[in-house]
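Structure file run-v6.pdb with PDB, C-alpha atoms and all ligand atoms:
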```pdb
ATOM      1  CA  MET T 745      25.921   2.513   1.466  1.00  0.00           C
ATOM      2  CA  ILE T 746      22.332   3.630   1.402  1.00  0.00           C
ATOM      3  CA  ARG T 747      19.670   2.964   4.007  1.00  0.00           C
ATOM      4  CA  VAL T 748      16.181   1.916   3.007  1.00  0.00           C
ATOM      5  CA  ASN T 749      13.692   2.040   5.825  1.00  0.00           C
ATOM      6  CA  PHE T 750      10.613  -0.092   5.167  1.00  0.00           C
ATOM      7  CA  LYS T 751       8.425   1.767   7.669  1.00  0.00           C
ATOM      8  CA  SER T 752       5.500  -0.582   7.161  1.00  0.00           C
ATOM      9  CA  HIS T 753       7.685  -3.504   8.218  1.00  0.00           C
ATOM     10  CA  ASN T 754       9.715  -1.667  10.838  1.00  0.00           C
ATOM     11  CA  LYS T 755      12.847  -2.808   9.042  1.00  0.00           C
ATOM     12  CA  GLU T 756      15.859  -0.837   7.846  1.00  0.00           C
ATOM     13  CA  VAL T 757      18.253  -2.372   5.349  1.00  0.00           C
ATOM     14  CA  VAL T 758      21.388  -1.195   3.597  1.00  0.00           C
ATOM     15  CA  CYS T 759      22.079  -1.416  -0.120  1.00  0.00           C
ATOM     16  CA  SER T 760      24.222   0.146  -2.813  1.00  0.00           C
ATOM     17  CA  LYS T 761      23.387   3.277  -4.753  1.00  0.00           C
ATOM     18  CA  GLY T 762      21.495   2.447  -7.939  1.00  0.00           C
ATOM     19  CA  GLU T 763      19.971  -0.821  -6.691  1.00  0.00           C
ATOM     20  CA  ASN T 764      16.444  -1.662  -7.747  1.00  0.00           C
ATOM     21  CA  LEU T 765      13.876  -1.196  -4.963  1.00  0.00           C
ATOM     22  CA  LEU T 766      11.939  -4.383  -5.732  1.00  0.00           C
ATOM     23  CA  GLU T 767      15.175  -6.398  -5.621  1.00  0.00           C
ATOM     24  CA  ILE T 768      16.157  -4.784  -2.326  1.00  0.00           C
ATOM     25  CA  ALA T 769      12.805  -5.794  -0.843  1.00  0.00           C
ATOM     26  CA  ARG T 770      13.104  -9.345  -2.162  1.00  0.00           C
ATOM     27  CA  ASN T 771      16.656  -9.705  -0.922  1.00  0.00           C
ATOM     28  CA  ASN T 772      15.460  -8.746   2.533  1.00  0.00           C
ATOM     29  CA  LYS T 773      12.356 -10.969   2.569  1.00  0.00           C
ATOM     30  CA  ILE T 774       9.912  -8.108   2.299  1.00  0.00           C
ATOM     31  CA  PHE T 775       6.967  -9.113   0.149  1.00  0.00           C
ATOM     32  CA  ILE T 776       5.891  -6.709  -2.584  1.00  0.00           C
ATOM     33  CA  ASP T 777       3.226  -7.974  -4.953  1.00  0.00           C
ATOM     34  CA  ALA T 778       4.885  -8.218  -8.382  1.00  0.00           C
ATOM     35  CA  PRO T 779       2.943 -10.483 -10.775  1.00  0.00           C
ATOM     36  CA  CYS T 780       4.823  -9.242 -13.864  1.00  0.00           C
ATOM     37  CA  ASN T 781       8.105  -9.921 -12.081  1.00  0.00           C
ATOM     38  CA  GLY T 782       9.408  -6.381 -12.443  1.00  0.00           C
ATOM     39  CA  ASN T 783       8.555  -5.713 -16.082  1.00  0.00           C
ATOM     40  CA  VAL T 784       6.725  -2.458 -15.268  1.00  0.00           C
ATOM     41  CA  SER T 785       3.551  -3.840 -16.813  1.00  0.00           C
ATOM     42  CA  CYS T 786       1.221  -4.915 -13.978  1.00  0.00           C
ATOM     43  CA  GLY T 787       1.414  -1.878 -11.695  1.00  0.00           C
ATOM     44  CA  LYS T 788       1.046  -4.026  -8.576  1.00  0.00           C
ATOM     45  CA  CYS T 789       4.380  -3.206  -6.963  1.00  0.00           C
ATOM     46  CA  LYS T 790       3.197   0.244  -5.932  1.00  0.00           C
ATOM     47  CA  VAL T 791       4.810   1.563  -2.766  1.00  0.00           C
ATOM     48  CA  LYS T 792       4.735   4.956  -1.104  1.00  0.00           C
ATOM     49  CA  LEU T 793       7.879   7.047  -0.777  1.00  0.00           C
ATOM     50  CA  LEU T 794       7.729   8.763   2.613  1.00  0.00           C
ATOM     51  CA  LYS T 795      11.195  10.383   2.722  1.00  0.00           C
ATOM     52  CA  GLY T 796      14.104  10.925   0.374  1.00  0.00           C
ATOM     53  CA  LYS T 797      14.504  10.938  -3.372  1.00  0.00           C
ATOM     54  CA  VAL T 798      14.680   8.063  -5.851  1.00  0.00           C
ATOM     55  CA  ASP T 799      15.385   7.587  -9.533  1.00  0.00           C
ATOM     56  CA  THR T 800      11.983   6.631 -10.945  1.00  0.00           C
ATOM     57  CA  GLU T 801       9.429   7.553 -13.589  1.00  0.00           C
ATOM     58  CA  LYS T 802       5.699   8.078 -13.483  1.00  0.00           C
ATOM     59  CA  THR T 803       3.916   5.367 -15.444  1.00  0.00           C
ATOM     60  CA  LEU T 804       0.326   4.824 -16.576  1.00  0.00           C
ATOM     61  CA  HIS T 805      -0.186   2.703 -13.461  1.00  0.00           C
ATOM     62  CA  ILE T 806       0.185   5.707 -11.187  1.00  0.00           C
ATOM     63  CA  LYS T 807      -2.587   8.291 -11.115  1.00  0.00           C
ATOM     64  CA  ASP T 808      -1.679  11.969 -10.806  1.00  0.00           C
ATOM     65  CA  GLU T 809      -2.918  12.189  -7.217  1.00  0.00           C
ATOM     66  CA  GLU T 810      -1.011   9.036  -6.272  1.00  0.00           C
ATOM     67  CA  TRP T 811       2.162  10.464  -7.809  1.00  0.00           C
ATOM     68  CA  GLU T 812       1.713  13.647  -5.737  1.00  0.00           C
ATOM     69  CA  GLN T 813       1.340  11.499  -2.621  1.00  0.00           C
ATOM     70  CA  GLY T 814       4.628   9.740  -3.353  1.00  0.00           C
ATOM     71  CA  TYR T 815       3.485   6.485  -4.920  1.00  0.00           C
ATOM     72  CA  ILE T 816       6.049   4.802  -7.146  1.00  0.00           C
ATOM     73  CA  LEU T 817       6.552   1.394  -8.729  1.00  0.00           C
ATOM     74  CA  ALA T 818       9.199  -0.505  -6.796  1.00  0.00           C
ATOM     75  CA  CYS T 819      10.368  -2.383  -9.897  1.00  0.00           C
ATOM     76  CA  ASN T 820      10.862   0.880 -11.769  1.00  0.00           C
ATOM     77  CA  THR T 821      12.818   2.601  -9.007  1.00  0.00           C
ATOM     78  CA  LYS T 822      16.507   2.893  -8.291  1.00  0.00           C
ATOM     79  CA  VAL T 823      17.629   3.984  -4.867  1.00  0.00           C
ATOM     80  CA  ILE T 824      19.983   6.985  -4.885  1.00  0.00           C
ATOM     81  CA  GLU T 825      19.886   8.182  -1.267  1.00  0.00           C
ATOM     82  CA  ASP T 826      18.507   7.182   2.142  1.00  0.00           C
ATOM     83  CA  ILE T 827      14.763   6.680   1.889  1.00  0.00           C
ATOM     84  CA  GLU T 828      11.722   5.639   3.838  1.00  0.00           C
ATOM     85  CA  ILE T 829       8.964   3.725   2.134  1.00  0.00           C
ATOM     86  CA  GLU T 830       5.670   2.132   3.004  1.00  0.00           C
ATOM     87  CA  VAL T 831       4.559  -1.113   1.408  1.00  0.00           C
ATOM     88  CA  PRO T 832       0.769  -1.306   1.277  1.00  0.00           C
ATOM     89  CA  SER T 833      -0.288  -4.607   2.790  1.00  0.00           C
ATOM     90  CA  LYS T 834      -3.251  -5.815   0.769  1.00  0.00           C
ATOM     91  CA  LEU T 835      -3.033  -9.299   2.179  1.00  0.00           C
ATOM     92  CA  SER T 836      -3.113  -8.293   5.814  1.00  0.00           C
ATOM     93  CA  SER T 837      -5.811  -5.655   5.268  1.00  0.00           C
ATOM     94  CA  SER T 838      -8.063  -8.128   3.492  1.00  0.00           C
ATOM     95  CA  MET T 839      -7.515 -10.665   6.267  1.00  0.00           C
ATOM     96  CA  HIS T 840      -8.253  -7.970   8.813  1.00  0.00           C
ATOM     97  CA  GLY T 841     -11.484  -7.198   6.934  1.00  0.00           C
ATOM     98  CA  MET T 842     -12.505 -10.842   7.136  1.00  0.00           C
ATOM     99  CA  LYS T 843     -12.039 -10.854  10.887  1.00  0.00           C
ATOM    100  CA  ILE T 844     -14.150  -7.755  11.366  1.00  0.00           C
ATOM    101  CA  GLU T 845     -17.010  -8.967   9.188  1.00  0.00           C
ATOM    102  CA  GLY T 846     -17.368 -12.331  10.840  1.00  0.00           C
ATOM    103  CA  SER T 847     -16.297 -11.337  14.295  1.00  0.00           C
ATOM    104  CA  ASP T 848     -18.091 -13.612  16.703  1.00  0.00           C
ATOM    105  CA  LYS T 849     -15.599 -15.111  19.111  1.00  0.00           C
ATOM    106  CA  LYS T 850     -17.952 -17.839  20.349  1.00  0.00           C
ATOM    107  CA  LYS T 851     -18.727 -18.953  16.813  1.00  0.00           C
ATOM    108  CA  ASP T 852     -15.036 -18.786  15.850  1.00  0.00           C
ATOM    109  CA  GLN T 853     -14.176 -20.977  18.839  1.00  0.00           C
ATOM    110  CA  GLU T 854     -16.879 -23.504  17.902  1.00  0.00           C
ATOM    111  CA  ILE T 855     -15.575 -23.700  14.352  1.00  0.00           C
ATOM    112  CA  PHE T 856     -12.034 -24.046  15.641  1.00  0.00           C
ATOM    113  CA  ASP T 857     -13.046 -26.797  18.089  1.00  0.00           C
ATOM    114  CA  ARG T 858     -14.928 -28.675  15.375  1.00  0.00           C
ATOM    115  CA  ALA T 859     -11.926 -28.495  13.087  1.00  0.00           C
ATOM    116  CA  LYS T 860      -9.728 -30.072  15.772  1.00  0.00           C
ATOM    117  CA  LYS T 861     -11.944 -33.194  16.054  1.00  0.00           C
TER     118      LYS T 861
HETATM  119  S1  LIG T 901       6.208  -5.759 -10.704  1.00  0.00           S
HETATM  120 FE1  LIG T 901       4.743  -5.367 -12.221  1.00  0.00          FE
HETATM  121  S2  LIG T 901       4.873  -3.255 -12.476  1.00  0.00           S
HETATM  122 FE2  LIG T 901       6.329  -3.647 -10.982  1.00  0.00          FE
END
```

Encoded form using structure tokens:
Amino acid sequence: MIRVNFKSHNKEVVCSKGENLLEIARNNKIFIDAPCNGNVSCGKCKVKLLKGKVDTEKTLHIKDEEWEQGYILACNTKVIEDIEIEVPSKLSSSMHGMKIEGSDKKKDQEIFDRAKK
């Protein structure tokens, strides 16, 4: 058994050696953007390897500096030992950005109250 620690989600799961990282995430309800459904063609399933080694290949979707920082494509990665990874959260960061830009609690409350009527 191998442990995969999704640091970004504060969740550790166990899997078998050789399992695909995208499948592991899906099986454990961890969302990784994967529009091409794991065909190694969209480059959206990029995650960052923080600890451990994996069986993966650098693709055109990963820039040299990203590769040096540990970025890999989840769909193109097999787990071979205990690892720690970080899943970039584009959805939550964009939502966070929206909150910051329009941050006016009084206005937000007014909009919320109006919506309730
Ligand atoms: S899911 Fe598209 S490249 Fe991995």

Next on the checklist: Applying the PyMOL selection byres (((chain T and resi 789) around 7) and not hetatm) to the file I just gave you, which residues come out? Please list them as a list in words.
Outcome noted: Ile776, Asp777, Ala778, Gly787, Lys788, Lys790, Val791, Leu817, Ala818 and Cys819 of chain T

Written as a compact mmCIF listing (two decimals) with C-alpha atoms, in the frame of the given file, which residues does the PyMOL selection byres (((chain T and resi 805) around 10) and not hetatm) give for the file shown?
```txt
# COMPACT_ATOMS: atom_id res chain seq x y z
CA VAL T 784 6.72 -2.46 -15.27
CA SER T 785 3.55 -3.84 -16.81
CA CYS T 786 1.22 -4.92 -13.98
CA GLY T 787 1.41 -1.88 -11.70
CA LYS T 788 1.05 -4.03 -8.58
CA CYS T 789 4.38 -3.21 -6.96
CA LYS T 790 3.20 0.24 -5.93
CA LYS T 802 5.70 8.08 -13.48
CA THR T 803 3.92 5.37 -15.44
CA LEU T 804 0.33 4.82 -16.58
CA ILE T 806 0.18 5.71 -11.19
CA LYS T 807 -2.59 8.29 -11.12
CA ASP T 808 -1.68 11.97 -10.81
CA GLU T 810 -1.01 9.04 -6.27
CA TRP T 811 2.16 10.46 -7.81
CA ILE T 816 6.05 4.80 -7.15
CA LEU T 817 6.55 1.39 -8.73
```

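The spacing separating CA of Ile746 in chain T from CA of Gly762 in chain T amounts to 9.5 Å.
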
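With all atoms listed in the file as the basis for measurement, T:Cys780 is the residue among T:Gly814, T:Lys761, T:Cys780, T:Glu767 that approaches ligand LIG 901 (chain T) most closely.
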
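With all atoms listed in the file taken into account, the protein and nucleic acid residues at most 12 Å from Lys773 in chain T (excluding it and anything under 4 positions from it in its own chain) are Phe750, His753, Lys755, Glu756, Val757, Leu766, Glu767, Ile768 and Ala769 of chain T.
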
Padding 3 Å on each side, edges along x, y and z: where is the centre of the box around the listed atoms of ligand LIG 901 (chain T), and how long are its edges in Å to one decimal? Output it as AutoDock Vina command-line options.
```
--center_x 5.5 --center_y -4.5 --center_z -11.6 --size_x 7.6 --size_y 8.5 --size_z 7.8
```

Hey, what's within 12 Å of Lys795 in chain T if we count all atoms listed in the file and toss same-chain stuff fewer than 4 positions away? As a short mmCIF file (atom, residue, chain, number, x, y, z; two decimals) with C-alpha atoms, keeping the file's coordinate frame, please?
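Saved file result.cif follows:
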```
data_model
loop_
_atom_site.label_atom_id
_atom_site.label_comp_id
_atom_site.auth_asym_id
_atom_site.auth_seq_id
_atom_site.Cartn_x
_atom_site.Cartn_y
_atom_site.Cartn_z
CA ARG T 747 19.67 2.96 4.01
CA VAL T 748 16.18 1.92 3.01
CA ASN T 749 13.69 2.04 5.82
CA PHE T 750 10.61 -0.09 5.17
CA LYS T 751 8.43 1.77 7.67
CA GLN T 813 1.34 11.50 -2.62
CA GLY T 814 4.63 9.74 -3.35
CA TYR T 815 3.48 6.48 -4.92
CA VAL T 823 17.63 3.98 -4.87
CA GLU T 825 19.89 8.18 -1.27
CA ASP T 826 18.51 7.18 2.14
CA ILE T 827 14.76 6.68 1.89
CA GLU T 828 11.72 5.64 3.84
CA ILE T 829 8.96 3.72 2.13
CA GLU T 830 5.67 2.13 3.00
#
```

Where atoms are missing, can you supply all heavy atoms for range 824-835 of chain T and output the lot as an mmCIF file, keeping the file's coordinate frame?
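Writing the result to result_0.cif gives the following:
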```
data_model
loop_
_atom_site.group_PDB
_atom_site.id
_atom_site.type_symbol
_atom_site.label_atom_id
_atom_site.label_comp_id
_atom_site.auth_asym_id
_atom_site.auth_seq_id
_atom_site.Cartn_x
_atom_site.Cartn_y
_atom_site.Cartn_z
ATOM 1 N N ILE T 824 18.812 6.114 -4.722
ATOM 2 C CA ILE T 824 19.983 6.985 -4.885
ATOM 3 C C ILE T 824 20.402 7.680 -3.587
ATOM 4 O O ILE T 824 21.465 8.271 -3.508
ATOM 5 C CB ILE T 824 19.747 8.054 -5.989
ATOM 6 C CG1 ILE T 824 18.455 8.822 -5.719
ATOM 7 C CG2 ILE T 824 19.721 7.403 -7.370
ATOM 8 C CD1 ILE T 824 18.241 10.014 -6.642
ATOM 9 N N GLU T 825 19.535 7.630 -2.578
ATOM 10 C CA GLU T 825 19.886 8.182 -1.267
ATOM 11 C C GLU T 825 19.044 7.491 -0.201
ATOM 12 O O GLU T 825 18.172 6.687 -0.536
ATOM 13 C CB GLU T 825 19.668 9.707 -1.239
ATOM 14 C CG GLU T 825 18.221 10.116 -1.410
ATOM 15 C CD GLU T 825 18.012 11.631 -1.310
ATOM 16 O OE1 GLU T 825 18.864 12.394 -1.800
ATOM 17 O OE2 GLU T 825 16.981 12.027 -0.734
ATOM 18 N N ASP T 826 19.280 7.806 1.064
ATOM 19 C CA ASP T 826 18.507 7.182 2.142
ATOM 20 C C ASP T 826 17.027 7.500 1.951
ATOM 21 O O ASP T 826 16.668 8.660 1.706
ATOM 22 C CB ASP T 826 18.959 7.719 3.507
ATOM 23 C CG ASP T 826 20.369 7.263 3.855
ATOM 24 O OD1 ASP T 826 20.949 6.480 3.075
ATOM 25 O OD2 ASP T 826 20.878 7.688 4.904
ATOM 26 N N ILE T 827 16.203 6.470 2.066
ATOM 27 C CA ILE T 827 14.763 6.680 1.889
ATOM 28 C C ILE T 827 13.947 5.938 2.944
ATOM 29 O O ILE T 827 14.451 5.018 3.600
ATOM 30 C CB ILE T 827 14.258 6.233 0.486
ATOM 31 C CG1 ILE T 827 14.582 4.759 0.231
ATOM 32 C CG2 ILE T 827 14.804 7.128 -0.598
ATOM 33 C CD1 ILE T 827 13.891 4.181 -1.006
ATOM 34 N N GLU T 828 12.702 6.358 3.030
ATOM 35 C CA GLU T 828 11.722 5.639 3.838
ATOM 36 C C GLU T 828 10.559 5.314 2.928
ATOM 37 O O GLU T 828 10.083 6.186 2.202
ATOM 38 C CB GLU T 828 11.183 6.536 4.961
ATOM 39 C CG GLU T 828 11.957 6.449 6.236
ATOM 40 C CD GLU T 828 11.326 7.298 7.324
ATOM 41 O OE1 GLU T 828 10.120 7.576 7.278
ATOM 42 O OE2 GLU T 828 12.097 7.702 8.218
ATOM 43 N N ILE T 829 10.119 4.079 2.954
ATOM 44 C CA ILE T 829 8.964 3.725 2.134
ATOM 45 C C ILE T 829 7.951 2.920 2.938
ATOM 46 O O ILE T 829 8.265 2.338 3.975
ATOM 47 C CB ILE T 829 9.336 2.937 0.851
ATOM 48 C CG1 ILE T 829 9.898 1.576 1.187
ATOM 49 C CG2 ILE T 829 10.266 3.703 -0.032
ATOM 50 C CD1 ILE T 829 9.756 0.631 0.009
ATOM 51 N N GLU T 830 6.752 2.898 2.400
ATOM 52 C CA GLU T 830 5.670 2.132 3.004
ATOM 53 C C GLU T 830 5.162 1.156 1.952
ATOM 54 O O GLU T 830 4.872 1.574 0.830
ATOM 55 C CB GLU T 830 4.566 3.097 3.409
ATOM 56 C CG GLU T 830 3.410 2.460 4.125
ATOM 57 C CD GLU T 830 2.380 3.502 4.496
ATOM 58 O OE1 GLU T 830 2.596 4.246 5.469
ATOM 59 O OE2 GLU T 830 1.373 3.596 3.768
ATOM 60 N N VAL T 831 5.088 -0.108 2.325
ATOM 61 C CA VAL T 831 4.559 -1.113 1.408
ATOM 62 C C VAL T 831 3.113 -1.372 1.809
ATOM 63 O O VAL T 831 2.866 -1.857 2.912
ATOM 64 C CB VAL T 831 5.362 -2.432 1.499
ATOM 65 C CG1 VAL T 831 4.807 -3.466 0.530
ATOM 66 C CG2 VAL T 831 6.835 -2.171 1.236
ATOM 67 N N PRO T 832 2.163 -1.038 0.923
ATOM 68 C CA PRO T 832 0.769 -1.306 1.277
ATOM 69 C C PRO T 832 0.557 -2.800 1.452
ATOM 70 O O PRO T 832 1.006 -3.588 0.627
ATOM 71 C CB PRO T 832 -0.028 -0.791 0.080
ATOM 72 C CG PRO T 832 0.928 -0.015 -0.749
ATOM 73 C CD PRO T 832 2.299 -0.490 -0.412
ATOM 74 N N SER T 833 -0.096 -3.187 2.531
ATOM 75 C CA SER T 833 -0.288 -4.607 2.790
ATOM 76 C C SER T 833 -1.707 -5.019 2.447
ATOM 77 O O SER T 833 -2.587 -4.988 3.272
ATOM 78 C CB SER T 833 0.018 -4.909 4.249
ATOM 79 O OG SER T 833 -0.219 -6.261 4.487
ATOM 80 N N LYS T 834 -1.920 -5.413 1.210
ATOM 81 C CA LYS T 834 -3.251 -5.815 0.769
ATOM 82 C C LYS T 834 -3.660 -7.112 1.450
ATOM 83 O O LYS T 834 -4.795 -7.279 1.839
ATOM 84 C CB LYS T 834 -3.263 -6.013 -0.747
ATOM 85 C CG LYS T 834 -3.192 -4.709 -1.471
ATOM 86 C CD LYS T 834 -3.137 -4.918 -2.955
ATOM 87 C CE LYS T 834 -2.801 -3.600 -3.612
ATOM 88 N NZ LYS T 834 -2.206 -3.752 -4.898
ATOM 89 N N LEU T 835 -2.721 -8.009 1.591
ATOM 90 C CA LEU T 835 -3.033 -9.299 2.179
ATOM 91 C C LEU T 835 -3.500 -9.137 3.618
ATOM 92 O O LEU T 835 -4.555 -9.616 3.992
ATOM 93 C CB LEU T 835 -1.806 -10.211 2.120
ATOM 94 C CG LEU T 835 -2.021 -11.628 2.600
ATOM 95 C CD1 LEU T 835 -3.027 -12.327 1.699
ATOM 96 C CD2 LEU T 835 -0.726 -12.389 2.625
#
```
